[in-house]
file final12.txt (compact mmCIF, C-alpha atoms)
# COMPACT_ATOMS: atom_id res chain seq x y z
CA MET H 1 -7.88 -7.94 37.78
CA GLY H 2 -11.14 -7.30 35.96
CA VAL H 3 -12.79 -3.91 35.65
CA PHE H 4 -15.68 -5.08 37.85
CA ASP H 5 -13.27 -6.16 40.60
CA SER H 6 -11.48 -2.83 40.36
CA ILE H 7 -14.71 -0.86 40.65
CA LYS H 8 -15.84 -3.00 43.58
CA ARG H 9 -12.54 -2.55 45.37
CA ASN H 10 -12.45 1.20 44.76
CA PHE H 11 -16.04 1.51 45.95
CA SER H 12 -15.24 -0.30 49.19
CA VAL H 13 -12.21 1.97 49.71
CA TRP H 14 -14.45 5.01 49.08
CA LEU H 15 -17.01 3.70 51.59
CA ARG H 16 -14.27 3.18 54.13
CA LYS H 17 -13.07 6.74 53.61
CA VAL H 18 -16.56 8.20 53.91
CA PHE H 19 -17.51 6.14 56.95
CA LYS H 20 -14.12 6.05 58.55
CA LYS H 21 -13.63 3.00 60.68
CA ARG H 22 -13.70 3.65 64.38
CA ILE H 23 -10.67 1.46 64.89
CA ALA H 24 -7.96 1.36 62.27
CA ARG H 25 -5.40 -1.43 62.30
CA ILE H 26 -2.08 0.12 61.41
CA GLY H 27 1.12 -1.80 60.71
CA ILE H 28 4.57 -0.37 61.31
CA TYR H 29 6.77 -1.58 58.47
CA GLY H 30 10.26 -1.05 57.17
CA PRO H 31 13.66 -2.60 56.73
CA PRO H 32 15.61 -3.94 59.74
CA ASN H 33 17.06 -1.26 62.06
CA ALA H 34 14.93 1.57 60.68
CA GLY H 35 13.56 2.21 64.18
CA LYS H 36 10.15 0.52 63.95
CA THR H 37 10.09 -0.83 67.49
CA THR H 38 11.58 2.39 68.88
CA LEU H 39 8.68 4.24 67.26
CA ALA H 40 6.11 1.65 68.40
CA ASN H 41 7.45 1.88 71.95
CA ARG H 42 7.24 5.68 71.92
CA ILE H 43 3.66 5.72 70.61
CA VAL H 44 2.44 3.03 72.99
CA ARG H 45 4.33 4.49 75.98
CA GLU H 46 3.00 8.00 75.42
CA TRP H 47 -0.63 6.92 74.95
CA SER H 48 -0.88 3.97 77.34
CA GLY H 49 2.26 3.78 79.48
CA ASP H 50 3.29 0.34 78.16
CA THR H 51 6.00 -0.72 75.72
CA MET H 52 5.86 -3.01 72.67
CA GLY H 53 9.22 -4.76 72.55
CA SER H 54 12.97 -4.64 73.01
CA THR H 55 15.33 -2.79 70.69
CA SER H 56 18.89 -3.60 69.69
CA GLU H 57 21.60 -2.49 67.29
CA ILE H 58 21.65 -6.08 66.01
CA PRO H 59 19.27 -6.36 63.03
CA HIS H 60 16.08 -8.45 63.30
CA GLU H 61 15.62 -7.89 67.04
CA THR H 62 11.86 -8.08 66.42
CA ARG H 63 11.14 -11.52 64.96
CA ARG H 64 7.44 -11.82 65.70
CA ALA H 65 4.75 -9.24 64.94
CA LYS H 66 3.36 -7.68 68.11
CA ARG H 67 -0.04 -6.04 68.38
CA ARG H 68 -1.28 -3.43 70.83
CA GLU H 69 -5.03 -2.95 70.61
CA GLY H 70 -7.26 0.03 71.29
CA LEU H 71 -4.75 2.85 71.47
CA THR H 72 -6.51 6.22 71.21
CA ILE H 73 -4.43 9.07 69.81
CA SER H 74 -5.85 12.61 70.01
CA SER H 75 -4.32 15.58 68.28
CA ASN H 76 -5.62 18.99 67.17
CA GLY H 77 -9.25 18.07 67.80
CA SER H 78 -9.04 14.81 65.85
CA SER H 79 -8.73 11.43 67.43
CA VAL H 80 -8.26 7.93 66.19
CA THR H 81 -8.29 4.57 67.90
CA LEU H 82 -5.66 2.28 66.53
CA ASP H 83 -4.54 -1.30 66.75
CA ILE H 84 -0.80 -0.93 66.30
CA VAL H 85 1.11 -3.87 64.80
CA ASP H 86 4.90 -3.70 65.14
CA THR H 87 6.28 -5.99 62.45
CA PRO H 88 9.66 -7.67 61.98
CA GLY H 89 12.00 -5.99 59.51
CA LEU H 90 11.51 -7.00 55.89
CA ALA H 91 14.49 -8.35 53.97
CA THR H 92 15.21 -10.39 50.85
CA LYS H 93 18.30 -12.07 52.29
CA ILE H 94 19.34 -13.31 55.71
CA ASP H 95 22.87 -14.57 56.35
CA PHE H 96 23.72 -15.79 59.84
CA HIS H 97 27.32 -14.56 59.36
CA ASP H 98 25.97 -11.00 59.54
CA PHE H 99 24.82 -11.65 63.11
CA MET H 100 28.20 -13.11 64.05
CA SER H 101 29.79 -9.79 63.11
CA PHE H 102 27.82 -8.34 66.05
CA GLY H 103 29.49 -10.82 68.41
CA LEU H 104 26.87 -13.60 68.43
CA GLU H 105 28.08 -17.19 68.66
CA GLU H 106 27.48 -19.33 65.57
CA GLU H 107 24.61 -21.35 67.02
CA GLU H 108 22.86 -18.26 68.32
CA ALA H 109 23.41 -16.49 65.00
CA LYS H 110 21.88 -19.42 63.11
CA ARG H 111 18.90 -19.49 65.44
CA ARG H 112 18.40 -15.76 65.04
CA ALA H 113 18.65 -16.11 61.25
CA LYS H 114 16.02 -18.85 61.23
CA GLU H 115 13.69 -16.79 63.40
CA ALA H 116 14.34 -13.74 61.22
CA THR H 117 13.19 -15.60 58.09
CA GLU H 118 10.00 -16.55 59.94
CA GLY H 119 9.61 -12.94 61.02
CA VAL H 120 9.76 -11.69 57.43
CA ILE H 121 7.00 -14.14 56.48
CA ASP H 122 4.98 -13.00 59.51
CA ALA H 123 5.30 -9.36 58.41
CA ILE H 124 4.20 -10.20 54.85
CA LYS H 125 1.17 -12.14 56.11
CA TRP H 126 0.07 -9.14 58.17
CA LEU H 127 -0.15 -6.99 55.03
CA GLU H 128 -3.43 -8.78 54.28
CA ASP H 129 -5.06 -7.66 57.52
CA LEU H 130 -4.28 -3.96 57.82
CA ASP H 131 -6.14 -0.72 57.16
CA GLY H 132 -2.97 1.28 56.58
CA ILE H 133 0.71 1.40 57.37
CA LEU H 134 3.45 3.60 58.70
CA LEU H 135 6.50 2.87 56.58
CA VAL H 136 9.55 3.71 58.66
CA MET H 137 12.69 4.63 56.73
CA ASP H 138 16.12 5.46 58.10
CA ALA H 139 16.71 9.02 56.88
CA THR H 140 20.48 8.43 56.81
CA GLU H 141 20.09 5.62 54.26
CA ASP H 142 19.30 5.48 50.55
CA PRO H 143 15.47 5.34 50.31
CA PHE H 144 15.45 3.32 47.09
CA THR H 145 15.77 -0.05 48.80
CA GLN H 146 13.81 -2.96 47.43
CA VAL H 147 11.93 -3.32 50.71
CA ASN H 148 10.69 0.26 50.49
CA VAL H 149 9.77 -0.07 46.82
CA THR H 150 7.91 -3.33 47.46
CA VAL H 151 5.97 -2.06 50.50
CA VAL H 152 4.96 1.17 48.74
CA GLY H 153 3.91 -0.82 45.66
CA ASN H 154 1.85 -3.23 47.75
CA MET H 155 -0.06 -0.48 49.54
CA GLU H 156 -0.73 1.31 46.23
CA ALA H 157 -1.97 -1.94 44.68
CA ARG H 158 -4.27 -2.51 47.68
CA ARG H 159 -5.42 1.16 47.63
CA LEU H 160 -4.64 1.48 51.33
CA PRO H 161 -3.29 4.59 53.06
CA LEU H 162 0.43 4.77 53.60
CA MET H 163 2.36 7.34 55.58
CA ILE H 164 6.12 7.51 55.37
CA VAL H 165 8.03 8.17 58.58
CA ALA H 166 11.53 9.51 57.91
CA ASN H 167 13.25 8.46 61.13
CA LYS H 168 16.60 9.28 62.75
CA ILE H 169 16.62 12.98 61.88
CA ASP H 170 18.66 13.54 65.03
CA LEU H 171 21.65 12.11 63.17
CA PRO H 172 23.84 14.63 61.33
CA ASP H 173 23.83 12.83 57.96
CA SER H 174 20.07 12.38 57.81
CA ALA H 175 18.43 13.62 54.61
CA PRO H 176 14.61 13.29 54.82
CA ALA H 177 14.22 15.40 51.65
CA ARG H 178 15.77 12.52 49.72
CA ILE H 179 12.97 10.24 50.94
CA HIS H 180 10.28 12.72 49.97
CA SER H 181 11.83 13.09 46.55
CA ALA H 182 11.81 9.28 46.10
CA PHE H 183 8.14 8.83 47.06
CA PRO H 184 6.48 12.23 46.56
CA GLN H 185 2.99 10.76 46.16
CA HIS H 186 2.72 9.84 49.87
CA PRO H 187 2.56 12.00 53.01
CA MET H 188 5.78 12.04 55.02
CA VAL H 189 6.69 13.14 58.51
CA SER H 190 10.32 13.56 59.61
CA ILE H 191 10.98 12.46 63.19
CA SER H 192 13.43 11.06 65.65
CA ALA H 193 11.61 8.23 67.43
CA LEU H 194 14.54 7.96 69.83
CA GLU H 195 14.70 11.63 70.81
CA GLY H 196 11.03 12.48 70.24
CA PHE H 197 11.69 15.22 67.64
CA ASN H 198 8.53 16.15 65.70
CA ILE H 199 6.55 13.41 67.39
CA ASP H 200 3.56 15.77 67.78
CA LYS H 201 3.59 16.33 64.02
CA LEU H 202 3.44 12.57 63.59
CA TYR H 203 0.41 12.29 65.88
CA ASN H 204 -1.32 15.10 63.94
CA ALA H 205 -0.64 13.28 60.69
CA ILE H 206 -1.82 9.93 62.09
CA ALA H 207 -5.08 11.45 63.35
CA GLU H 208 -5.57 13.25 60.02
CA ASN H 209 -4.76 10.31 57.74
CA PHE H 210 -6.17 7.39 59.69
CA GLY H 211 -8.76 9.01 61.94
CA GLY H 212 -12.21 10.50 61.72
CA MET T 1 34.96 -20.11 30.40
CA THR T 2 33.67 -19.12 33.81
CA GLY T 3 30.97 -16.55 34.12
CA VAL T 4 27.46 -15.85 35.23
CA GLN T 5 24.45 -16.86 33.18
CA ILE T 6 21.86 -14.15 32.68
CA ASP T 7 18.32 -15.09 31.62
CA LEU T 8 16.21 -12.30 30.12
CA ILE T 9 12.54 -13.23 30.24
CA SER T 10 10.17 -11.43 27.90
CA SER T 11 6.94 -9.80 29.01
CA ASP T 12 5.06 -12.11 26.62
CA ARG T 13 6.33 -15.19 28.42
CA LEU T 14 5.69 -13.64 31.84
CA SER T 15 2.14 -12.64 30.98
CA SER T 16 1.22 -16.26 30.27
CA MET T 17 2.39 -17.42 33.70
CA ALA T 18 0.53 -17.58 37.01
CA PRO T 19 2.14 -15.70 39.93
CA MET T 20 3.40 -18.89 41.59
CA GLU T 21 4.83 -20.11 38.30
CA LYS T 22 6.83 -16.91 38.03
CA VAL T 23 8.06 -17.20 41.62
CA ARG T 24 9.07 -20.84 41.14
CA LEU T 25 10.85 -20.14 37.86
CA ILE T 26 12.78 -17.21 39.34
CA LEU T 27 13.82 -19.04 42.50
CA ASP T 28 14.84 -22.21 40.67
CA GLU T 29 17.07 -20.23 38.31
CA VAL T 30 18.52 -17.95 41.00
CA LYS T 31 19.36 -20.91 43.22
CA LYS T 32 21.42 -22.28 40.32
CA GLY T 33 23.44 -19.05 40.41
CA LYS T 34 21.75 -17.33 37.48
CA ILE T 35 20.73 -13.69 37.19
CA VAL T 36 17.14 -13.29 36.00
CA VAL T 37 15.97 -10.15 34.23
CA LEU T 38 12.23 -9.73 33.80
CA GLU T 39 11.31 -7.40 30.96
CA SER T 40 8.03 -6.31 32.51
CA GLY T 41 8.82 -7.02 36.14
CA LEU T 42 6.60 -8.36 38.86
CA GLU T 43 3.45 -6.96 40.42
CA PRO T 44 4.02 -5.75 44.01
CA THR T 45 2.01 -8.67 45.40
CA GLU T 46 4.15 -11.06 43.34
CA GLU T 47 7.26 -9.42 44.81
CA THR T 48 6.03 -10.11 48.35
CA LYS T 49 5.18 -13.68 47.38
CA LEU T 50 8.71 -14.08 46.01
CA ILE T 51 10.19 -12.73 49.25
CA GLU T 52 7.95 -15.02 51.30
CA ILE T 53 8.93 -18.17 49.39
CA THR T 54 12.58 -17.09 49.41
CA MET T 55 12.49 -16.89 53.20
CA LEU T 56 11.10 -20.43 53.37
CA GLU T 57 14.08 -21.67 51.35
CA VAL T 58 16.91 -19.85 53.14
CA THR T 59 19.32 -22.28 54.80
CA PRO T 60 22.27 -21.46 57.08
CA GLU T 61 24.98 -23.07 54.97
CA GLY T 62 23.40 -22.76 51.54
CA PHE T 63 20.97 -20.31 50.00
CA ILE T 64 20.99 -16.96 51.85
CA GLY T 65 18.33 -15.25 49.77
CA ILE T 66 18.00 -13.00 46.78
CA GLU T 67 18.97 -9.56 45.67
CA MET T 68 16.01 -8.04 43.86
CA GLU T 69 15.88 -4.66 42.22
CA SER T 70 12.95 -3.03 40.55
CA TYR T 71 12.14 0.60 39.85
CA PRO T 72 9.46 2.32 41.92
CA GLN T 73 6.10 2.12 40.17
CA LYS T 74 4.87 5.23 38.43
CA HIS T 75 1.84 6.52 40.30
CA ARG T 76 -1.50 7.00 38.60
CA LYS T 77 -1.81 10.28 36.81
CA ASN T 78 -4.85 10.17 34.61
CA ILE T 79 -8.47 10.09 35.69
CA PHE T 80 -9.16 6.76 33.97
CA GLU T 81 -6.50 5.00 36.03
CA LYS T 82 -7.79 6.60 39.23
CA ILE T 83 -11.43 5.71 38.60
CA PHE T 84 -10.97 2.20 37.29
CA GLY T 85 -8.03 1.38 39.49
CA LYS T 86 -5.81 0.33 36.64
CA ASN T 87 -2.50 -0.70 38.15
CA PRO T 88 0.60 0.98 36.78
CA ARG T 89 2.57 -1.35 34.56
CA ALA T 90 5.27 -3.23 36.44
CA ARG T 91 8.75 -2.18 35.38
CA LEU T 92 11.91 -4.14 34.69
CA THR T 93 13.13 -6.27 37.59
CA VAL T 94 16.52 -7.87 38.17
CA ILE T 95 16.85 -10.81 40.57
CA GLY T 96 19.92 -12.80 41.51
CA PRO T 97 21.56 -14.74 44.33
CA ALA T 98 22.28 -12.41 47.25
CA ASN T 99 25.88 -13.62 47.40
CA GLN T 100 26.55 -12.86 43.73
CA LEU T 101 24.50 -9.77 42.88
CA LYS T 102 25.12 -6.52 44.71
CA THR T 103 23.34 -3.26 44.05
CA LEU T 104 25.71 -0.32 43.75
CA HIS T 105 23.20 2.45 43.06
CA LYS T 106 19.53 2.78 42.43
CA ASP T 107 17.20 5.66 41.72
CA LYS T 108 13.93 6.21 39.89
CA ASP T 109 15.34 5.35 36.48
CA LEU T 110 18.69 3.67 37.02
CA ILE T 111 19.80 0.42 38.62
CA SER T 112 23.54 -0.14 38.81
CA ALA T 113 24.70 -3.53 40.06
CA LEU T 114 27.80 -5.65 40.42
CA VAL T 115 27.60 -9.30 39.35
CA SER T 116 30.20 -11.73 40.57
CA ALA T 117 30.91 -15.35 39.72
CA ARG T 118 32.21 -15.72 43.25
CA GLU T 119 30.60 -14.80 46.50
CA VAL T 120 30.83 -11.04 47.15

call {"tool": "encode", "arguments": {"input": "final12.txt", "output": "C-alpha cells"}}
result
Amino acid sequence: MGVFDSIKRNFSVWLRKVFKKRIARIGIYGPPNAGKTTLANRIVREWSGDTMGSTSEIPHETRRAKRREGLTISSNGSSVTLDIVDTPGLATKIDFHDFMSFGLEEEEAKRRAKEATEGVIDAIKWLEDLDGILLVMDATEDPFTQVNVTVVGNMEARRLPLMIVANKIDLPDSAPARIHSAFPQHPMVSISALEGFNIDKLYNAIAENFGG
Amino acid sequence: MTGVQIDLISSDRLSSMAPMEKVRLILDEVKKGKIVVLESGLEPTEETKLIEITMLEVTPEGFIGIEMESYPQKHRKNIFEKIFGKNPRARLTVIGPANQLKTLHKDKDLISALVSAREV
C-alpha cells in the first residue's frame, strides 16, 4: 500500500470518527460455539423483541449471515443505531466426522459440513462491508486461536473499530483476563450472553465505541 | 524413509509474489501433505483469502482444510506508524494439512505443534 493510499484511508477513518455515522453496521464474529448467535439473540430480543437465529451445541449452527437492521441501543445518555450482522463461525478446517460425533447421520453431517464451508466464506465476505465488529471469544478457551488472530489482524489492517466480548463468564473455568492479556490493544467486555451477566456494560461499551 | 516434507519459504521469495500466488502456492503444497513455513508470514487480508479458498476446496472424503498458525501482529507504537498507517510486519506463519498438523500451544511468541505423517 502506498503512502498516499494510507493517508487517504486514515483521513476517511478520521472523518468517520469525527462525523460518526448515524447507523453503524456491526458484525458479530468469532470461532464456532463462542456464543455469537446467543449474544445476537439477546441484543435483538432486548431492543426489539425479536430473535436472530437458532442456537445449538453442535458447531456451525449458523451457516448463513443474518442481518437485523435499525436496532437502536441507548445507554448512559449515548445511543447508537446499528445494523447487526450475526455471522457463521470462522474456521480453517471442517470435517464432517466432527458432526457425526454429535449424533448426526453421515449424509446430514456431510450436508452440514458443506454448508459450514459456505458459511465461512459468507462471514469473510461480510468483513468488506462493516463499520466495526464485536469479536466474541469463549472465555474458557485459549484466546490465541488462528481465527482470533486473523480477525483482529484484519480489523487493524482496515483501521476499523473492534471490541472483544469475552463470553461465558458464568462458567467456572472462564478466564477473561487471559483474553485481555492476549489482545490488550482493544477494548474488552466480559459477559455471559446466556445468563445476561454484565450485559449493561456491553451496551455502554457499544454506545461509546460505535455511537455518537 | 517416511516423513513429512517441510518447505521454508523466504521473505524475499514471498515479497515478489501477488497475494493469490501465495495462496495458490501454499494450498497446492499443503494438499500434497507438506508443511509450509513462511519466513515473513501473510498479511491479515491474505490470511482471510487463504481461508476462503481453502473452504472452496474442502471435500467430504478428501481435503478437510488447513491448520494455520501465526503470531498476533505487534500493534503500532510509534507516531510515524500511526500517522502513515504503516502496517506492522507480518510474522512467521506455519501452515499444514489439518489432519497432519496439530497445534499444541500458542502464545505471543511461541508456537508449539505436532506434525504427523499419518492422520492425527

call {"tool": "closest_atom_pairs", "arguments": {"input": "final12.txt", "of": "chain T", "to": "chain H", "cutoff": "7 Å", "atoms": "only C-alpha atoms", "output": "CSV"}}
result
residue,atom,partner,partner_atom,distance
T:Pro44,CA,H:Asn154,CA,5.0
T:Thr45,CA,H:Asn154,CA,5.9
T:Glu47,CA,H:Thr150,CA,6.7
T:Thr48,CA,H:Ile124,CA,6.8
T:Ile51,CA,H:Thr92,CA,5.8
T:Glu52,CA,H:Ile121,CA,5.3
T:Met55,CA,H:Thr117,CA,5.1
T:Pro60,CA,H:Lys110,CA,6.4
T:Ile64,CA,H:Asp95,CA,5.4
T:Gly65,CA,H:Lys93,CA,4.1
T:Ile66,CA,H:Thr92,CA,5.6
T:Glu67,CA,H:Thr92,CA,6.5
T:Met68,CA,H:Gln146,CA,6.6
T:Glu69,CA,H:Gln146,CA,5.9
T:Ser70,CA,H:Gln146,CA,6.9
T:Pro72,CA,H:Val149,CA,5.5
T:Gln73,CA,H:Gly153,CA,6.6
T:Phe84,CA,H:Ile7,CA,5.9
T:Gly85,CA,H:Ser6,CA,5.5
T:Asn87,CA,H:Ala157,CA,6.7
T:Ala98,CA,H:Lys93,CA,6.4
T:Lys106,CA,H:Phe144,CA,6.2
T:Asp107,CA,H:Phe144,CA,6.1

call {"tool": "atom_distance", "arguments": {"input": "final12.txt", "atom1": "CA of Lys201 in chain H", "atom2": "CA of Val80 in chain H"}}
result
14.7 Å

call {"tool": "residues_near_point", "arguments": {"input": "final12.txt", "point": "(13.9, 13.9, 64.4)", "cutoff": "12 Å", "atoms": "all atoms listed in the file", "output": "PDB file with C-alpha atoms, keeping the file's coordinate frame"}}
result
ATOM      1  CA  GLY H  35      13.560   2.210  64.180  1.00  0.00           C
ATOM      2  CA  LEU H  39       8.680   4.240  67.260  1.00  0.00           C
ATOM      3  CA  ASP H 138      16.120   5.460  58.100  1.00  0.00           C
ATOM      4  CA  ALA H 139      16.710   9.020  56.880  1.00  0.00           C
ATOM      5  CA  THR H 140      20.480   8.430  56.810  1.00  0.00           C
ATOM      6  CA  VAL H 165       8.030   8.170  58.580  1.00  0.00           C
ATOM      7  CA  ALA H 166      11.530   9.510  57.910  1.00  0.00           C
ATOM      8  CA  ASN H 167      13.250   8.460  61.130  1.00  0.00           C
ATOM      9  CA  LYS H 168      16.600   9.280  62.750  1.00  0.00           C
ATOM     10  CA  ILE H 169      16.620  12.980  61.880  1.00  0.00           C
ATOM     11  CA  ASP H 170      18.660  13.540  65.030  1.00  0.00           C
ATOM     12  CA  LEU H 171      21.650  12.110  63.170  1.00  0.00           C
ATOM     13  CA  PRO H 172      23.840  14.630  61.330  1.00  0.00           C
ATOM     14  CA  ASP H 173      23.830  12.830  57.960  1.00  0.00           C
ATOM     15  CA  SER H 174      20.070  12.380  57.810  1.00  0.00           C
ATOM     16  CA  ALA H 175      18.430  13.620  54.610  1.00  0.00           C
ATOM     17  CA  PRO H 176      14.610  13.290  54.820  1.00  0.00           C
ATOM     18  CA  VAL H 189       6.690  13.140  58.510  1.00  0.00           C
ATOM     19  CA  SER H 190      10.320  13.560  59.610  1.00  0.00           C
ATOM     20  CA  ILE H 191      10.980  12.460  63.190  1.00  0.00           C
ATOM     21  CA  SER H 192      13.430  11.060  65.650  1.00  0.00           C
ATOM     22  CA  ALA H 193      11.610   8.230  67.430  1.00  0.00           C
ATOM     23  CA  LEU H 194      14.540   7.960  69.830  1.00  0.00           C
ATOM     24  CA  GLU H 195      14.700  11.630  70.810  1.00  0.00           C
ATOM     25  CA  GLY H 196      11.030  12.480  70.240  1.00  0.00           C
ATOM     26  CA  PHE H 197      11.690  15.220  67.640  1.00  0.00           C
ATOM     27  CA  ASN H 198       8.530  16.150  65.700  1.00  0.00           C
ATOM     28  CA  ILE H 199       6.550  13.410  67.390  1.00  0.00           C
ATOM     29  CA  ASP H 200       3.560  15.770  67.780  1.00  0.00           C
ATOM     30  CA  LYS H 201       3.590  16.330  64.020  1.00  0.00           C
ATOM     31  CA  LEU H 202       3.440  12.570  63.590  1.00  0.00           C
TER      32      LEU H 202
END

call {"tool": "residues_around", "arguments": {"input": "final12.txt", "residues": "Pro97 in chain T", "least_positions_apart": "2", "cutoff": "12 Å", "atoms": "all atoms listed in the file", "output": "PyMOL selection string"}}
result
(chain H and resi 92-94) or (chain T and resi 4-6+26-36+54+58+62-69+94-95+99-103+114-120)

call {"tool": "atom_distance", "arguments": {"input": "final12.txt", "atom1": "CA of Thr55 in chain H", "atom2": "CA of Thr37 in chain H"}}
result
6.4 Å

call {"tool": "atom_distance", "arguments": {"input": "final12.txt", "atom1": "CA of Ser101 in chain H", "atom2": "CA of Ile53 in chain T"}}
result
26.3 Å

call {"tool": "residues_around", "arguments": {"input": "final12.txt", "residues": "Glu61 in chain H", "least_positions_apart": "2", "cutoff": "12 Å", "atoms": "only C-alpha atoms", "output": "JSON, numbers by chain"}}
result
{"H": [31, 32, 33, 34, 35, 36, 37, 38, 53, 54, 55, 56, 57, 58, 59, 63, 64, 65, 86, 87, 88, 89, 90, 99, 109, 112, 113, 115, 116, 119, 120]}

call {"tool": "closest_residue", "arguments": {"input": "final12.txt", "among": "H:Ala177, H:Leu160, H:Ala24, H:Met100", "to": "Gly211 in chain H", "atoms": "all atoms listed in the file"}}
result
H:Ala24
